[in-house]
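Shown next: work04.pdb, given as PDB, C-alpha atoms.
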MODEL        1
ATOM      1  CA  ASP A 403       0.479  -7.347 -23.537
ATOM      2  CA  VAL A 404       1.543  -5.493 -20.363
ATOM      3  CA  SER A 405       4.373  -7.967 -19.662
ATOM      4  CA  SER A 406       6.113  -6.976 -22.933
ATOM      5  CA  ILE A 407       6.474  -3.301 -21.935
ATOM      6  CA  THR A 408      10.144  -2.489 -21.442
ATOM      7  CA  PRO A 409      11.322  -0.118 -18.701
ATOM      8  CA  GLY A 410      12.298   2.396 -21.389
ATOM      9  CA  HIS A 411       8.855   2.231 -22.982
ATOM     10  CA  PHE A 412       7.185   2.564 -19.575
ATOM     11  CA  GLN A 413       9.299   5.640 -18.828
ATOM     12  CA  GLU A 414       8.407   7.131 -22.230
ATOM     13  CA  MET A 415       4.690   6.545 -21.573
ATOM     14  CA  THR A 416       5.054   8.146 -18.128
ATOM     15  CA  GLU A 417       6.738  11.225 -19.596
ATOM     16  CA  LYS A 418       3.907  11.549 -22.151
ATOM     17  CA  LEU A 419       1.368  11.330 -19.346
ATOM     18  CA  ALA A 420       3.294  13.969 -17.361
ATOM     19  CA  ALA A 421       3.201  16.278 -20.404
ATOM     20  CA  ARG A 422      -0.533  15.670 -20.786
ATOM     21  CA  MET A 423      -1.064  16.520 -17.113
ATOM     22  CA  ARG A 424       0.751  19.846 -17.551
ATOM     23  CA  GLU A 425      -1.841  20.647 -20.241
ATOM     24  CA  ASN A 426      -4.813  19.248 -18.248
ATOM     25  CA  PRO A 427      -3.995  19.916 -14.583
ATOM     26  CA  ASN A 428      -7.593  19.381 -13.400
ATOM     27  CA  ASP A 429      -7.698  15.668 -14.262
ATOM     28  CA  ALA A 430      -7.671  13.823 -10.898
ATOM     29  CA  GLU A 431      -7.600  10.383 -12.548
ATOM     30  CA  GLY A 432      -4.642  11.421 -14.708
ATOM     31  CA  TRP A 433      -2.731  12.579 -11.617
ATOM     32  CA  MET A 434      -3.524   9.262  -9.943
ATOM     33  CA  MET A 435      -2.233   7.314 -12.952
ATOM     34  CA  LEU A 436       0.897   9.471 -13.055
ATOM     35  CA  GLY A 437       1.468   8.981  -9.318
ATOM     36  CA  ARG A 438       1.179   5.216  -9.683
ATOM     37  CA  ALA A 439       3.567   5.230 -12.648
ATOM     38  CA  TYR A 440       6.141   7.285 -10.731
ATOM     39  CA  GLN A 441       5.737   4.991  -7.730
ATOM     40  CA  ALA A 442       6.344   1.915  -9.908
ATOM     41  CA  MET A 443       9.552   3.633 -11.086
ATOM     42  CA  GLU A 444      10.480   4.335  -7.435
ATOM     43  CA  ARG A 445      10.355   8.083  -8.081
ATOM     44  CA  PHE A 446       8.624   8.692  -4.759
ATOM     45  CA  ASP A 447       8.955  12.504  -4.617
ATOM     46  CA  GLU A 448       7.214  12.837  -7.975
ATOM     47  CA  ALA A 449       4.644  10.191  -7.015
ATOM     48  CA  THR A 450       3.849  12.119  -3.837
ATOM     49  CA  ASP A 451       3.431  15.372  -5.781
ATOM     50  CA  ALA A 452       1.114  13.719  -8.316
ATOM     51  CA  PHE A 453      -1.014  12.091  -5.609
ATOM     52  CA  ARG A 454      -1.235  15.414  -3.713
ATOM     53  CA  LYS A 455      -2.639  17.032  -6.878
ATOM     54  CA  ALA A 456      -5.140  14.187  -7.305
ATOM     55  CA  VAL A 457      -6.261  14.459  -3.653
ATOM     56  CA  ALA A 458      -6.617  18.250  -3.962
ATOM     57  CA  LEU A 459      -8.977  17.701  -6.903
ATOM     58  CA  ASN A 460     -10.871  14.828  -5.261
ATOM     59  CA  PRO A 461     -10.409  15.006  -1.456
ATOM     60  CA  GLY A 462     -13.211  12.536  -0.751
ATOM     61  CA  ASN A 463     -11.613   9.668  -2.670
ATOM     62  CA  ALA A 464     -10.379   7.052  -0.177
ATOM     63  CA  ASP A 465      -8.210   5.269  -2.759
ATOM     64  CA  LEU A 466      -6.334   8.492  -3.533
ATOM     65  CA  LEU A 467      -5.777   9.157   0.174
ATOM     66  CA  ALA A 468      -4.337   5.636   0.548
ATOM     67  CA  ASP A 469      -2.143   6.107  -2.530
ATOM     68  CA  LEU A 470      -0.786   9.370  -1.107
ATOM     69  CA  ALA A 471      -0.185   7.768   2.304
ATOM     70  CA  GLU A 472       1.708   4.902   0.688
ATOM     71  CA  ALA A 473       3.815   7.224  -1.500
ATOM     72  CA  LEU A 474       4.711   9.356   1.517
ATOM     73  CA  ALA A 475       5.690   6.249   3.486
ATOM     74  CA  LEU A 476       7.873   4.984   0.650
ATOM     75  CA  ARG A 477       9.484   8.404   0.285
ATOM     76  CA  ASN A 478      10.140   8.618   4.025
ATOM     77  CA  GLY A 479      11.924   5.314   4.543
ATOM     78  CA  ARG A 480       8.795   3.128   4.658
ATOM     79  CA  THR A 481       7.335   4.684   7.786
ATOM     80  CA  LEU A 482       3.606   5.314   8.018
ATOM     81  CA  ALA A 483       3.991   7.599  11.060
ATOM     82  CA  GLY A 484       2.719  11.154  10.896
ATOM     83  CA  GLU A 485       0.913  12.387   7.791
ATOM     84  CA  PRO A 486       0.461   8.922   6.214
ATOM     85  CA  THR A 487      -1.396   7.732   9.331
ATOM     86  CA  LYS A 488      -3.641  10.830   9.291
ATOM     87  CA  LEU A 489      -4.422  10.222   5.613
ATOM     88  CA  LEU A 490      -5.239   6.570   6.338
ATOM     89  CA  GLU A 491      -7.571   7.594   9.181
ATOM     90  CA  ARG A 492      -9.457   9.869   6.748
ATOM     91  CA  ALA A 493      -9.534   7.118   4.115
ATOM     92  CA  LEU A 494     -10.788   4.519   6.602
ATOM     93  CA  LYS A 495     -13.736   6.775   7.545
ATOM     94  CA  LEU A 496     -14.631   7.124   3.857
ATOM     95  CA  ASP A 497     -14.211   3.437   2.963
ATOM     96  CA  PRO A 498     -13.907   1.125   5.995
ATOM     97  CA  ASP A 499     -13.952  -2.032   3.833
ATOM     98  CA  ASN A 500     -11.146  -1.085   1.425
ATOM     99  CA  ASP A 501      -8.519  -3.852   1.337
ATOM    100  CA  LYS A 502      -5.524  -1.579   0.768
ATOM    101  CA  ILE A 503      -6.625   0.875   3.453
ATOM    102  CA  LEU A 504      -7.174  -1.934   5.974
ATOM    103  CA  ALA A 505      -3.752  -3.440   5.203
ATOM    104  CA  LEU A 506      -1.926  -0.110   5.474
ATOM    105  CA  SER A 507      -3.898   0.931   8.569
ATOM    106  CA  GLY A 508      -2.940  -2.342  10.235
ATOM    107  CA  SER A 509       0.700  -1.759   9.354
ATOM    108  CA  ALA A 510       0.564   1.828  10.645
ATOM    109  CA  ALA A 511      -0.981   0.644  13.919
ATOM    110  CA  PHE A 512       1.622  -2.113  14.253
ATOM    111  CA  GLU A 513       4.401   0.415  13.616
ATOM    112  CA  ARG A 514       3.164   2.648  16.445
ATOM    113  CA  LYS A 515       2.788  -0.420  18.701
ATOM    114  CA  ASP A 516      -1.029  -0.176  18.792
ATOM    115  CA  TYR A 517      -1.302  -3.927  18.406
ATOM    116  CA  LYS A 518      -5.032  -4.102  19.173
ATOM    117  CA  ALA A 519      -5.776  -1.732  16.274
ATOM    118  CA  ALA A 520      -3.416  -3.680  13.991
ATOM    119  CA  ILE A 521      -5.234  -6.911  14.867
ATOM    120  CA  ARG A 522      -8.627  -5.259  14.309
ATOM    121  CA  HIS A 523      -7.672  -3.939  10.832
ATOM    122  CA  TRP A 524      -5.965  -7.137   9.695
ATOM    123  CA  GLU A 525      -8.777  -9.372  11.001
ATOM    124  CA  ALA A 526     -11.300  -7.213   9.107
ATOM    125  CA  LEU A 527      -9.207  -7.664   5.957
ATOM    126  CA  LEU A 528      -8.832 -11.396   6.559
ATOM    127  CA  LYS A 529     -12.655 -11.725   6.596
ATOM    128  CA  ARG A 530     -13.021 -10.024   3.197
ATOM    129  CA  PRO A 531     -14.070 -12.201   0.246
ATOM    130  CA  GLY A 532     -11.204 -13.322  -1.954
ATOM    131  CA  VAL A 533      -8.516 -13.075   0.719
ATOM    132  CA  SER A 534      -6.772 -16.438   0.814
ATOM    133  CA  GLY A 535      -3.484 -18.154   0.138
ATOM    134  CA  GLU A 536      -0.295 -16.251   0.849
ATOM    135  CA  LEU A 537      -2.075 -13.034   1.819
ATOM    136  CA  ALA A 538      -4.232 -14.845   4.357
ATOM    137  CA  GLN A 539      -1.112 -16.540   5.763
ATOM    138  CA  ALA A 540       0.720 -13.200   5.957
ATOM    139  CA  LEU A 541      -2.218 -11.570   7.715
ATOM    140  CA  SER A 542      -2.532 -14.479  10.135
ATOM    141  CA  GLY A 543       1.187 -14.246  10.855
ATOM    142  CA  GLY A 544       0.948 -10.491  11.434
ATOM    143  CA  ILE A 545      -2.031 -10.977  13.735
ATOM    144  CA  ALA A 546      -0.173 -13.668  15.699
ATOM    145  CA  GLU A 547       2.878 -11.389  15.989
ATOM    146  CA  ALA A 548       0.699  -8.473  17.165
ATOM    147  CA  ARG A 549      -1.016 -10.715  19.731
ATOM    148  CA  ALA A 550       2.336 -11.967  21.015
ATOM    149  CA  LEU A 551       3.696  -8.432  21.299
ATOM    150  CA  SER A 552       0.547  -7.138  22.995
ATOM    151  CA  THR A 553       0.742  -9.866  25.646
ATOM    152  CA  GLY A 554       4.521  -9.692  26.052
ATOM    153  CA  THR A 555       5.141 -13.273  24.908
ATOM    154  CA  LYS A 556       7.827 -14.172  22.417
ATOM    155  CA  SER A 557       6.656 -15.021  18.948
ATOM    156  CA  VAL A 558       8.115 -17.784  16.829
ATOM    157  CA  ALA A 559       9.881 -15.133  14.717
ATOM    158  CA  ALA A 560      11.479 -13.535  17.777
ATOM    159  CA  GLN A 561      12.803 -16.915  18.931
ATOM    160  CA  SER A 562      14.463 -17.793  15.646
ATOM    161  CA  GLU A 563      17.746 -16.657  14.200
ATOM    162  CA  PRO A 564      17.532 -13.948  11.545
ATOM    163  CA  GLY A 565      17.798 -15.515   8.122
ATOM    164  CA  ARG A 566      17.068 -15.030   4.515
ATOM    165  CA  VAL A 567      13.767 -15.929   2.924
ATOM    166  CA  SER A 568      13.034 -16.045  -0.778
ATOM    167  CA  GLY A 569      10.048 -17.029  -2.821
ATOM    168  CA  THR A 570       7.324 -15.878  -5.165
ATOM    169  CA  VAL A 571       4.101 -14.168  -4.125
ATOM    170  CA  THR A 572       1.119 -14.876  -6.351
ATOM    171  CA  LEU A 573      -2.302 -13.311  -5.849
ATOM    172  CA  ASN A 574      -5.366 -15.466  -6.388
ATOM    173  CA  GLU A 575      -7.691 -14.581  -9.274
ATOM    174  CA  ALA A 576     -10.212 -12.632  -7.149
ATOM    175  CA  LEU A 577      -7.498 -10.434  -5.628
ATOM    176  CA  ARG A 578      -5.570 -10.062  -8.878
ATOM    177  CA  ALA A 579      -8.636  -8.491 -10.507
ATOM    178  CA  ARG A 580      -8.743  -5.827  -7.757
ATOM    179  CA  ALA A 581      -4.995  -5.167  -7.595
ATOM    180  CA  ALA A 582      -2.834  -2.911  -9.722
ATOM    181  CA  PRO A 583       0.779  -3.797 -10.623
ATOM    182  CA  GLU A 584       2.077  -0.935  -8.479
ATOM    183  CA  ASP A 585       0.116  -1.920  -5.336
ATOM    184  CA  THR A 586       2.200  -2.867  -2.324
ATOM    185  CA  VAL A 587       1.953  -6.344  -0.818
ATOM    186  CA  PHE A 588       3.230  -6.833   2.722
ATOM    187  CA  VAL A 589       4.742 -10.258   3.334
ATOM    188  CA  TYR A 590       5.518 -11.509   6.833
ATOM    189  CA  ALA A 591       7.838 -14.485   7.053
ATOM    190  CA  ARG A 592       7.660 -16.717  10.075
ATOM    191  CA  ALA A 593       9.918 -19.594  11.084
ATOM    192  CA  ALA A 594       8.429 -23.042  10.586
ATOM    193  CA  LYS A 595       7.336 -24.787  13.796
TER     194      LYS A 595
ENDMDL
END

Serialized structure, structure tokens:
Amino acid sequence: DVSSITPGHFQEMTEKLAARMRENPNDAEGWMMLGRAYQAMERFDEATDAFRKAVALNPGNADLLADLAEALALRNGRTLAGEPTKLLERALKLDPDNDKILALSGSAAFERKDYKAAIRHWEALLKRPGVSGELAQALSGGIAEARALSTGTKSVAAQSEPGRVSGTVTLNEALRARAAPEDTVFVYARAAK
């Protein structure tokens, strides 16, 4: 049972995997697993290094490019500008229907104020099978925010006072089967009308 793994046990398993990778440095999947483990532990420098090794061994793998872009963004204060955006552009050409790549590409476009591209990526993701519930609401909210910013109108969020939001995000069954525990979920909170 994955939920019964303690942080100490997870760290021990990660160290064993790291030792195995030193002995088998040509295992792209092993480097990917190690990168995801380090990322889950918020060890972003080590995650970035592991993903770079995986990408070097398998440069045509869109998922690895997205993992590296995400690790770089997390390491660099959550910005997708620069190298992460270039990696996402490569990944998008390889796999234009990848949920994670579409989500991150939309966020990167939004960050650089290319709202039309953000809308395009997030709308493509919103049309994918299995996207519903909270994720669909978050995407719709992001799209509405991008539309408001692209037209210069104030969004509901911009009109409200900053506040604190709390809650639980749960993926539906179809998405849960395609998601890993270390995947990033972007949540956009909007004021109620």

List the residues sitting within 9 Å of (6.7, 9.5, -1.7) in the file's frame, using only C-alpha atoms, as a PyMOL selection string.
chain A and resi 441+444-451+470-478

Suppose a student applies the PyMOL selection byres ((chain A and resi 452-467) around 9) to this structure; what residues should they get, written as JSON, numbers by chain?
{"A": [427, 428, 429, 430, 431, 432, 433, 434, 435, 436, 437, 438, 440, 447, 448, 449, 450, 451, 468, 469, 470, 471, 472, 473, 486, 489, 490, 492, 493, 494, 495, 496, 497, 500, 502, 503]}

Selected residue, from A:Glu513, A:Lys518, A:Met415, A:Ala505, that lies nearest to Ala540 in chain A when counting only C-alpha atoms:
A:Ala505

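Minimum atom-to-atom distances from A:Ala421, A:Ala511, A:Ala439, A:Pro498 to Ala483 in chain A were compared using all atoms listed in the file, and the lowest value belongs to A:Ala511.
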
I'd like the neighbourhood of Lys515 in chain A as a PDB file with C-alpha atoms, in the frame of the given file, where a residue qualifies if any of its atoms comes within 12 Å (using only C-alpha atoms), though same-chain residues fewer than 4 positions away should be ignored.
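Once everything was written out, this is around_33.pdb:
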ATOM      1  CA  ALA A 483       3.991   7.599  11.060  1.00  0.00           C
ATOM      2  CA  GLY A 508      -2.940  -2.342  10.235  1.00  0.00           C
ATOM      3  CA  SER A 509       0.700  -1.759   9.354  1.00  0.00           C
ATOM      4  CA  ALA A 510       0.564   1.828  10.645  1.00  0.00           C
ATOM      5  CA  ALA A 511      -0.981   0.644  13.919  1.00  0.00           C
ATOM      6  CA  ALA A 519      -5.776  -1.732  16.274  1.00  0.00           C
ATOM      7  CA  ALA A 520      -3.416  -3.680  13.991  1.00  0.00           C
ATOM      8  CA  ILE A 521      -5.234  -6.911  14.867  1.00  0.00           C
ATOM      9  CA  GLU A 547       2.878 -11.389  15.989  1.00  0.00           C
ATOM     10  CA  ALA A 548       0.699  -8.473  17.165  1.00  0.00           C
ATOM     11  CA  ARG A 549      -1.016 -10.715  19.731  1.00  0.00           C
ATOM     12  CA  ALA A 550       2.336 -11.967  21.015  1.00  0.00           C
ATOM     13  CA  LEU A 551       3.696  -8.432  21.299  1.00  0.00           C
ATOM     14  CA  SER A 552       0.547  -7.138  22.995  1.00  0.00           C
ATOM     15  CA  THR A 553       0.742  -9.866  25.646  1.00  0.00           C
ATOM     16  CA  GLY A 554       4.521  -9.692  26.052  1.00  0.00           C
TER      17      GLY A 554
END

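Across the structure, CA of Leu541 in chain A and CA of Asp501 in chain A are spaced 11.8 Å apart.
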